$ cat target-v9.txt   # compact mmCIF, N, CA and C atoms
# COMPACT_ATOMS: atom_id res chain seq x y z
N MET Y 25 -54.11 -123.35 -133.56
CA MET Y 25 -53.28 -122.20 -133.30
C MET Y 25 -54.18 -120.98 -133.15
N ASP Y 26 -54.18 -120.41 -131.94
CA ASP Y 26 -55.02 -119.26 -131.64
C ASP Y 26 -54.22 -117.97 -131.79
N VAL Y 27 -54.56 -117.19 -132.78
CA VAL Y 27 -53.85 -115.93 -133.01
C VAL Y 27 -54.63 -114.72 -132.50
N THR Y 28 -55.71 -114.97 -131.77
CA THR Y 28 -56.54 -113.88 -131.27
C THR Y 28 -55.77 -112.90 -130.40
N PRO Y 29 -54.96 -113.35 -129.43
CA PRO Y 29 -54.20 -112.37 -128.63
C PRO Y 29 -53.22 -111.55 -129.47
N LEU Y 30 -52.60 -112.21 -130.44
CA LEU Y 30 -51.66 -111.51 -131.30
C LEU Y 30 -52.38 -110.46 -132.15
N LEU Y 31 -53.50 -110.84 -132.72
CA LEU Y 31 -54.28 -109.88 -133.50
C LEU Y 31 -54.77 -108.72 -132.65
N TYR Y 32 -55.26 -109.04 -131.47
CA TYR Y 32 -55.74 -108.00 -130.56
C TYR Y 32 -54.61 -107.02 -130.23
N GLN Y 33 -53.44 -107.55 -129.92
CA GLN Y 33 -52.30 -106.71 -129.57
C GLN Y 33 -51.94 -105.78 -130.72
N PHE Y 34 -51.91 -106.30 -131.93
CA PHE Y 34 -51.47 -105.47 -133.04
C PHE Y 34 -52.58 -104.59 -133.60
N ILE Y 35 -53.83 -104.95 -133.41
CA ILE Y 35 -54.90 -104.04 -133.82
C ILE Y 35 -54.97 -102.84 -132.87
N ILE Y 36 -54.96 -103.11 -131.57
CA ILE Y 36 -55.00 -102.02 -130.60
C ILE Y 36 -53.70 -101.22 -130.64
N GLY Y 37 -52.58 -101.90 -130.55
CA GLY Y 37 -51.29 -101.21 -130.57
C GLY Y 37 -51.03 -100.49 -131.89
N GLY Y 38 -51.41 -101.11 -132.99
CA GLY Y 38 -51.25 -100.48 -134.30
C GLY Y 38 -52.11 -99.25 -134.46
N SER Y 39 -53.32 -99.29 -133.89
CA SER Y 39 -54.20 -98.12 -133.93
C SER Y 39 -53.60 -96.96 -133.15
N ILE Y 40 -53.09 -97.25 -131.97
CA ILE Y 40 -52.45 -96.20 -131.16
C ILE Y 40 -51.20 -95.67 -131.86
N PHE Y 41 -50.42 -96.57 -132.45
CA PHE Y 41 -49.23 -96.16 -133.19
C PHE Y 41 -49.61 -95.28 -134.38
N ALA Y 42 -50.66 -95.66 -135.11
CA ALA Y 42 -51.10 -94.87 -136.26
C ALA Y 42 -51.58 -93.49 -135.84
N VAL Y 43 -52.35 -93.43 -134.76
CA VAL Y 43 -52.81 -92.13 -134.26
C VAL Y 43 -51.62 -91.28 -133.86
N GLY Y 44 -50.62 -91.91 -133.24
CA GLY Y 44 -49.41 -91.20 -132.84
C GLY Y 44 -48.60 -90.69 -134.01
N LEU Y 45 -48.76 -91.28 -135.18
CA LEU Y 45 -48.10 -90.77 -136.38
C LEU Y 45 -48.94 -89.74 -137.11
N VAL Y 46 -50.25 -89.93 -137.11
CA VAL Y 46 -51.14 -89.04 -137.88
C VAL Y 46 -51.28 -87.67 -137.22
N ILE Y 47 -51.40 -87.62 -135.91
CA ILE Y 47 -51.61 -86.33 -135.23
C ILE Y 47 -50.46 -85.35 -135.51
N PRO Y 48 -49.19 -85.74 -135.31
CA PRO Y 48 -48.12 -84.78 -135.63
C PRO Y 48 -48.04 -84.45 -137.12
N TRP Y 49 -48.36 -85.43 -137.97
CA TRP Y 49 -48.32 -85.18 -139.42
C TRP Y 49 -49.37 -84.14 -139.81
N ARG Y 50 -50.57 -84.29 -139.26
CA ARG Y 50 -51.65 -83.34 -139.58
C ARG Y 50 -51.36 -81.94 -139.04
N SER Y 51 -50.65 -81.87 -137.92
CA SER Y 51 -50.34 -80.55 -137.34
C SER Y 51 -49.10 -79.93 -138.01
N GLY Y 52 -48.45 -80.65 -138.91
CA GLY Y 52 -47.32 -80.11 -139.66
C GLY Y 52 -45.99 -80.23 -138.95
N ASP Y 53 -45.91 -81.09 -137.95
CA ASP Y 53 -44.65 -81.25 -137.22
C ASP Y 53 -43.59 -81.99 -138.03
N TYR Y 54 -43.99 -82.81 -138.97
CA TYR Y 54 -43.02 -83.47 -139.84
C TYR Y 54 -43.61 -83.63 -141.23
N SER Y 55 -42.74 -83.87 -142.19
CA SER Y 55 -43.16 -83.95 -143.58
C SER Y 55 -42.30 -84.97 -144.31
N TRP Y 56 -42.88 -85.60 -145.33
CA TRP Y 56 -42.12 -86.55 -146.15
C TRP Y 56 -41.09 -85.83 -147.01
N SER Y 57 -41.22 -84.51 -147.17
CA SER Y 57 -40.29 -83.79 -148.03
C SER Y 57 -38.95 -83.51 -147.36
N LYS Y 58 -38.88 -83.60 -146.04
CA LYS Y 58 -37.62 -83.37 -145.33
C LYS Y 58 -36.89 -84.70 -145.15
N PRO Y 59 -35.62 -84.76 -145.56
CA PRO Y 59 -34.88 -86.04 -145.44
C PRO Y 59 -34.77 -86.55 -144.01
N ARG Y 60 -34.56 -85.68 -143.06
CA ARG Y 60 -34.44 -86.12 -141.67
C ARG Y 60 -35.76 -86.72 -141.17
N ASP Y 61 -36.87 -86.10 -141.53
CA ASP Y 61 -38.18 -86.62 -141.14
C ASP Y 61 -38.48 -87.96 -141.81
N ARG Y 62 -38.10 -88.07 -143.09
CA ARG Y 62 -38.30 -89.35 -143.79
C ARG Y 62 -37.54 -90.46 -143.12
N ARG Y 63 -36.30 -90.19 -142.73
CA ARG Y 63 -35.47 -91.19 -142.06
C ARG Y 63 -36.10 -91.60 -140.72
N LEU Y 64 -36.59 -90.62 -139.98
CA LEU Y 64 -37.23 -90.90 -138.70
C LEU Y 64 -38.49 -91.75 -138.89
N LEU Y 65 -39.35 -91.36 -139.82
CA LEU Y 65 -40.58 -92.11 -140.06
C LEU Y 65 -40.30 -93.51 -140.56
N LEU Y 66 -39.33 -93.63 -141.44
CA LEU Y 66 -38.96 -94.94 -141.96
C LEU Y 66 -38.42 -95.84 -140.85
N SER Y 67 -37.61 -95.27 -139.97
CA SER Y 67 -37.08 -96.07 -138.86
C SER Y 67 -38.20 -96.49 -137.91
N LEU Y 68 -39.17 -95.62 -137.67
CA LEU Y 68 -40.31 -95.99 -136.82
C LEU Y 68 -41.12 -97.13 -137.45
N LEU Y 69 -41.40 -97.02 -138.73
CA LEU Y 69 -42.20 -98.04 -139.41
C LEU Y 69 -41.45 -99.37 -139.50
N LEU Y 70 -40.16 -99.32 -139.80
CA LEU Y 70 -39.38 -100.56 -139.88
C LEU Y 70 -39.23 -101.22 -138.52
N THR Y 71 -39.08 -100.43 -137.48
CA THR Y 71 -39.00 -100.99 -136.13
C THR Y 71 -40.31 -101.67 -135.75
N CYS Y 72 -41.42 -101.04 -136.10
CA CYS Y 72 -42.73 -101.64 -135.83
C CYS Y 72 -42.88 -102.95 -136.61
N LEU Y 73 -42.48 -102.97 -137.85
CA LEU Y 73 -42.55 -104.18 -138.66
C LEU Y 73 -41.64 -105.27 -138.09
N PHE Y 74 -40.43 -104.90 -137.66
CA PHE Y 74 -39.52 -105.86 -137.06
C PHE Y 74 -40.13 -106.46 -135.80
N TYR Y 75 -40.73 -105.62 -134.96
CA TYR Y 75 -41.37 -106.10 -133.73
C TYR Y 75 -42.52 -107.06 -134.08
N LEU Y 76 -43.30 -106.73 -135.10
CA LEU Y 76 -44.39 -107.60 -135.53
C LEU Y 76 -43.85 -108.97 -135.96
N LEU Y 77 -42.78 -108.98 -136.72
CA LEU Y 77 -42.20 -110.24 -137.18
C LEU Y 77 -41.64 -111.07 -136.03
N VAL Y 78 -40.92 -110.42 -135.10
CA VAL Y 78 -40.35 -111.15 -133.97
C VAL Y 78 -41.46 -111.69 -133.07
N GLN Y 79 -42.44 -110.86 -132.77
CA GLN Y 79 -43.55 -111.28 -131.90
C GLN Y 79 -44.34 -112.42 -132.55
N SER Y 80 -44.58 -112.33 -133.84
CA SER Y 80 -45.31 -113.38 -134.55
C SER Y 80 -44.53 -114.68 -134.56
N THR Y 81 -43.21 -114.58 -134.75
CA THR Y 81 -42.37 -115.77 -134.74
C THR Y 81 -42.42 -116.46 -133.39
N TRP Y 82 -42.29 -115.70 -132.31
CA TRP Y 82 -42.34 -116.29 -130.97
C TRP Y 82 -43.71 -116.87 -130.67
N HIS Y 83 -44.77 -116.20 -131.14
CA HIS Y 83 -46.12 -116.72 -130.94
C HIS Y 83 -46.30 -118.04 -131.69
N LEU Y 84 -45.84 -118.10 -132.91
CA LEU Y 84 -45.91 -119.31 -133.70
C LEU Y 84 -45.10 -120.43 -133.04
N PHE Y 85 -43.90 -120.12 -132.60
CA PHE Y 85 -43.05 -121.10 -131.93
C PHE Y 85 -43.73 -121.64 -130.66
N ALA Y 86 -44.35 -120.76 -129.89
CA ALA Y 86 -45.01 -121.18 -128.65
C ALA Y 86 -46.23 -122.06 -128.93
N THR Y 87 -46.98 -121.76 -129.97
CA THR Y 87 -48.18 -122.55 -130.25
C THR Y 87 -47.83 -123.90 -130.90
N VAL Y 88 -46.77 -123.97 -131.65
CA VAL Y 88 -46.39 -125.23 -132.31
C VAL Y 88 -45.75 -126.18 -131.30
N THR Y 89 -44.91 -125.67 -130.43
CA THR Y 89 -44.19 -126.54 -129.50
C THR Y 89 -44.96 -126.78 -128.19
N GLY Y 90 -45.90 -125.94 -127.87
CA GLY Y 90 -46.56 -126.09 -126.57
C GLY Y 90 -47.97 -126.42 -126.74
$ encode --input "target-v9.txt" --output "C-alpha cells"
Amino acid sequence: MDVTPLLYQFIIGGSIFAVGLVIPWRSGDYSWSKPRDRRLLLSLLLTCLFYLLVQSTWHLFATVTG
C-alpha cells in the first residue's frame, strides 16, 4: 500500500491551509476570544479533518481492492 501521494497531498495542502490560517490570525483579523470566529475556525478545521478521513478511506479502499 503506497501512501506517498496521500502524504504528499496532505503535507503540501496542509501547509498551504496552515499558512492561510496563520496569516490572518497574526494580522488580527480573527481571534479565539470571539464566538463567531471560534465557530468559523472550528468549522474550517473539522471540514479539513473530514476531508482527510474521506480521502484516506477512498485511498485505502482503492489500494486494497485494486
$ atom_distance --input "target-v9.txt" --atom1 "CA of Pro29 in chain Y" --atom2 "CA of His83 in chain Y"
9.5 Å
$ select_by_dssp --input "target-v9.txt" --residues "chain Y" --states "helix (DSSP H, G or I)" --output "PyMOL selection string"
chain Y and resi 28-51+59-89
$ atom_distance --input "target-v9.txt" --atom1 "CA of Leu45 in chain Y" --atom2 "atom N of Leu65 in chain Y"
9.4 Å
$ axis_aligned_box --input "target-v9.txt" --around "range 61-76 of chain Y" --padding-each-side "5 Å" --output "JSON"
{"center_x": -39.9, "center_y": -97.5, "center_z": -138.8, "size_x": 18.9, "size_y": 32.9, "size_z": 20.1}
$ closest_residue --input "target-v9.txt" --among "Y:Tyr54, Y:Phe34, Y:Trp49, Y:Phe41" --to "Gln79 in chain Y" --atoms "only C-alpha atoms"
Y:Phe34
$ atom_distance --input "target-v9.txt" --atom1 "atom N of Leu73 in chain Y" --atom2 "atom C of Gly38 in chain Y"
10.9 Å
$ decode --input "target-v9.txt" --residues "chain Y" --atoms "C-alpha atoms" --output "PDB file, in the first residue's frame"
ATOM      1  CA  MET Y  25       0.000   0.000   0.000  1.00  0.00           C
ATOM      2  CA  ASP Y  26       1.629   3.204  -1.232  1.00  0.00           C
ATOM      3  CA  VAL Y  27       0.547   6.233   0.774  1.00  0.00           C
ATOM      4  CA  THR Y  28       3.121   8.581  -0.761  1.00  0.00           C
ATOM      5  CA  PRO Y  29       0.610  10.502  -2.933  1.00  0.00           C
ATOM      6  CA  LEU Y  30      -1.753  10.856   0.005  1.00  0.00           C
ATOM      7  CA  LEU Y  31       1.010  12.106   2.280  1.00  0.00           C
ATOM      8  CA  TYR Y  32       2.266  14.494  -0.378  1.00  0.00           C
ATOM      9  CA  GLN Y  33      -1.224  15.889  -0.899  1.00  0.00           C
ATOM     10  CA  PHE Y  34      -1.823  16.494   2.776  1.00  0.00           C
ATOM     11  CA  ILE Y  35       1.652  17.809   3.571  1.00  0.00           C
ATOM     12  CA  ILE Y  36       1.535  20.366   0.752  1.00  0.00           C
ATOM     13  CA  GLY Y  37      -2.175  21.116   1.111  1.00  0.00           C
ATOM     14  CA  GLY Y  38      -1.967  21.193   4.901  1.00  0.00           C
ATOM     15  CA  SER Y  39       0.952  23.613   4.758  1.00  0.00           C
ATOM     16  CA  ILE Y  40      -0.971  25.961   2.483  1.00  0.00           C
ATOM     17  CA  PHE Y  41      -4.050  25.607   4.700  1.00  0.00           C
ATOM     18  CA  ALA Y  42      -1.986  26.368   7.821  1.00  0.00           C
ATOM     19  CA  VAL Y  43      -0.405  29.433   6.220  1.00  0.00           C
ATOM     20  CA  GLY Y  44      -3.895  30.559   5.206  1.00  0.00           C
ATOM     21  CA  LEU Y  45      -4.970  30.349   8.844  1.00  0.00           C
ATOM     22  CA  VAL Y  46      -1.832  31.827  10.418  1.00  0.00           C
ATOM     23  CA  ILE Y  47      -1.541  34.968   8.265  1.00  0.00           C
ATOM     24  CA  PRO Y  48      -4.998  36.380   9.152  1.00  0.00           C
ATOM     25  CA  TRP Y  49      -4.550  35.333  12.792  1.00  0.00           C
ATOM     26  CA  ARG Y  50      -1.218  37.152  13.051  1.00  0.00           C
ATOM     27  CA  SER Y  51      -2.674  40.268  11.430  1.00  0.00           C
ATOM     28  CA  GLY Y  52      -5.526  40.269  13.977  1.00  0.00           C
ATOM     29  CA  ASP Y  53      -8.361  39.533  11.562  1.00  0.00           C
ATOM     30  CA  TYR Y  54      -9.805  36.873  13.856  1.00  0.00           C
ATOM     31  CA  SER Y  55      -9.416  35.751  17.434  1.00  0.00           C
ATOM     32  CA  TRP Y  56     -10.283  32.733  19.577  1.00  0.00           C
ATOM     33  CA  SER Y  57     -11.988  35.107  22.028  1.00  0.00           C
ATOM     34  CA  LYS Y  58     -14.825  35.957  19.623  1.00  0.00           C
ATOM     35  CA  PRO Y  59     -17.558  33.275  19.448  1.00  0.00           C
ATOM     36  CA  ARG Y  60     -18.245  33.845  15.751  1.00  0.00           C
ATOM     37  CA  ASP Y  61     -14.548  33.493  14.898  1.00  0.00           C
ATOM     38  CA  ARG Y  62     -14.248  30.344  17.025  1.00  0.00           C
ATOM     39  CA  ARG Y  63     -17.187  28.795  15.183  1.00  0.00           C
ATOM     40  CA  LEU Y  64     -15.659  29.688  11.814  1.00  0.00           C
ATOM     41  CA  LEU Y  65     -12.223  28.305  12.723  1.00  0.00           C
ATOM     42  CA  LEU Y  66     -13.711  25.161  14.200  1.00  0.00           C
ATOM     43  CA  SER Y  67     -15.792  24.565  11.082  1.00  0.00           C
ATOM     44  CA  LEU Y  68     -12.705  25.043   8.884  1.00  0.00           C
ATOM     45  CA  LEU Y  69     -10.655  22.592  10.943  1.00  0.00           C
ATOM     46  CA  LEU Y  70     -13.431  19.997  11.156  1.00  0.00           C
ATOM     47  CA  THR Y  71     -14.057  20.224   7.422  1.00  0.00           C
ATOM     48  CA  CYS Y  72     -10.360  19.684   6.763  1.00  0.00           C
ATOM     49  CA  LEU Y  73     -10.352  16.680   9.117  1.00  0.00           C
ATOM     50  CA  PHE Y  74     -13.482  15.274   7.445  1.00  0.00           C
ATOM     51  CA  TYR Y  75     -11.852  15.633   4.016  1.00  0.00           C
ATOM     52  CA  LEU Y  76      -8.721  13.878   5.324  1.00  0.00           C
ATOM     53  CA  LEU Y  77     -10.793  10.965   6.627  1.00  0.00           C
ATOM     54  CA  VAL Y  78     -12.853  10.613   3.431  1.00  0.00           C
ATOM     55  CA  GLN Y  79      -9.805  10.879   1.169  1.00  0.00           C
ATOM     56  CA  SER Y  80      -7.868   8.372   3.287  1.00  0.00           C
ATOM     57  CA  THR Y  81     -10.792   5.955   3.253  1.00  0.00           C
ATOM     58  CA  TRP Y  82     -11.065   6.092  -0.540  1.00  0.00           C
ATOM     59  CA  HIS Y  83      -7.297   5.718  -0.895  1.00  0.00           C
ATOM     60  CA  LEU Y  84      -7.321   2.685   1.383  1.00  0.00           C
ATOM     61  CA  PHE Y  85     -10.292   1.199  -0.483  1.00  0.00           C
ATOM     62  CA  ALA Y  86      -8.559   1.712  -3.850  1.00  0.00           C
ATOM     63  CA  THR Y  87      -5.291   0.122  -2.721  1.00  0.00           C
ATOM     64  CA  VAL Y  88      -6.943  -2.889  -1.055  1.00  0.00           C
ATOM     65  CA  THR Y  89      -9.320  -3.719  -3.899  1.00  0.00           C
ATOM     66  CA  GLY Y  90      -7.152  -2.738  -6.849  1.00  0.00           C
TER      67      GLY Y  90
END
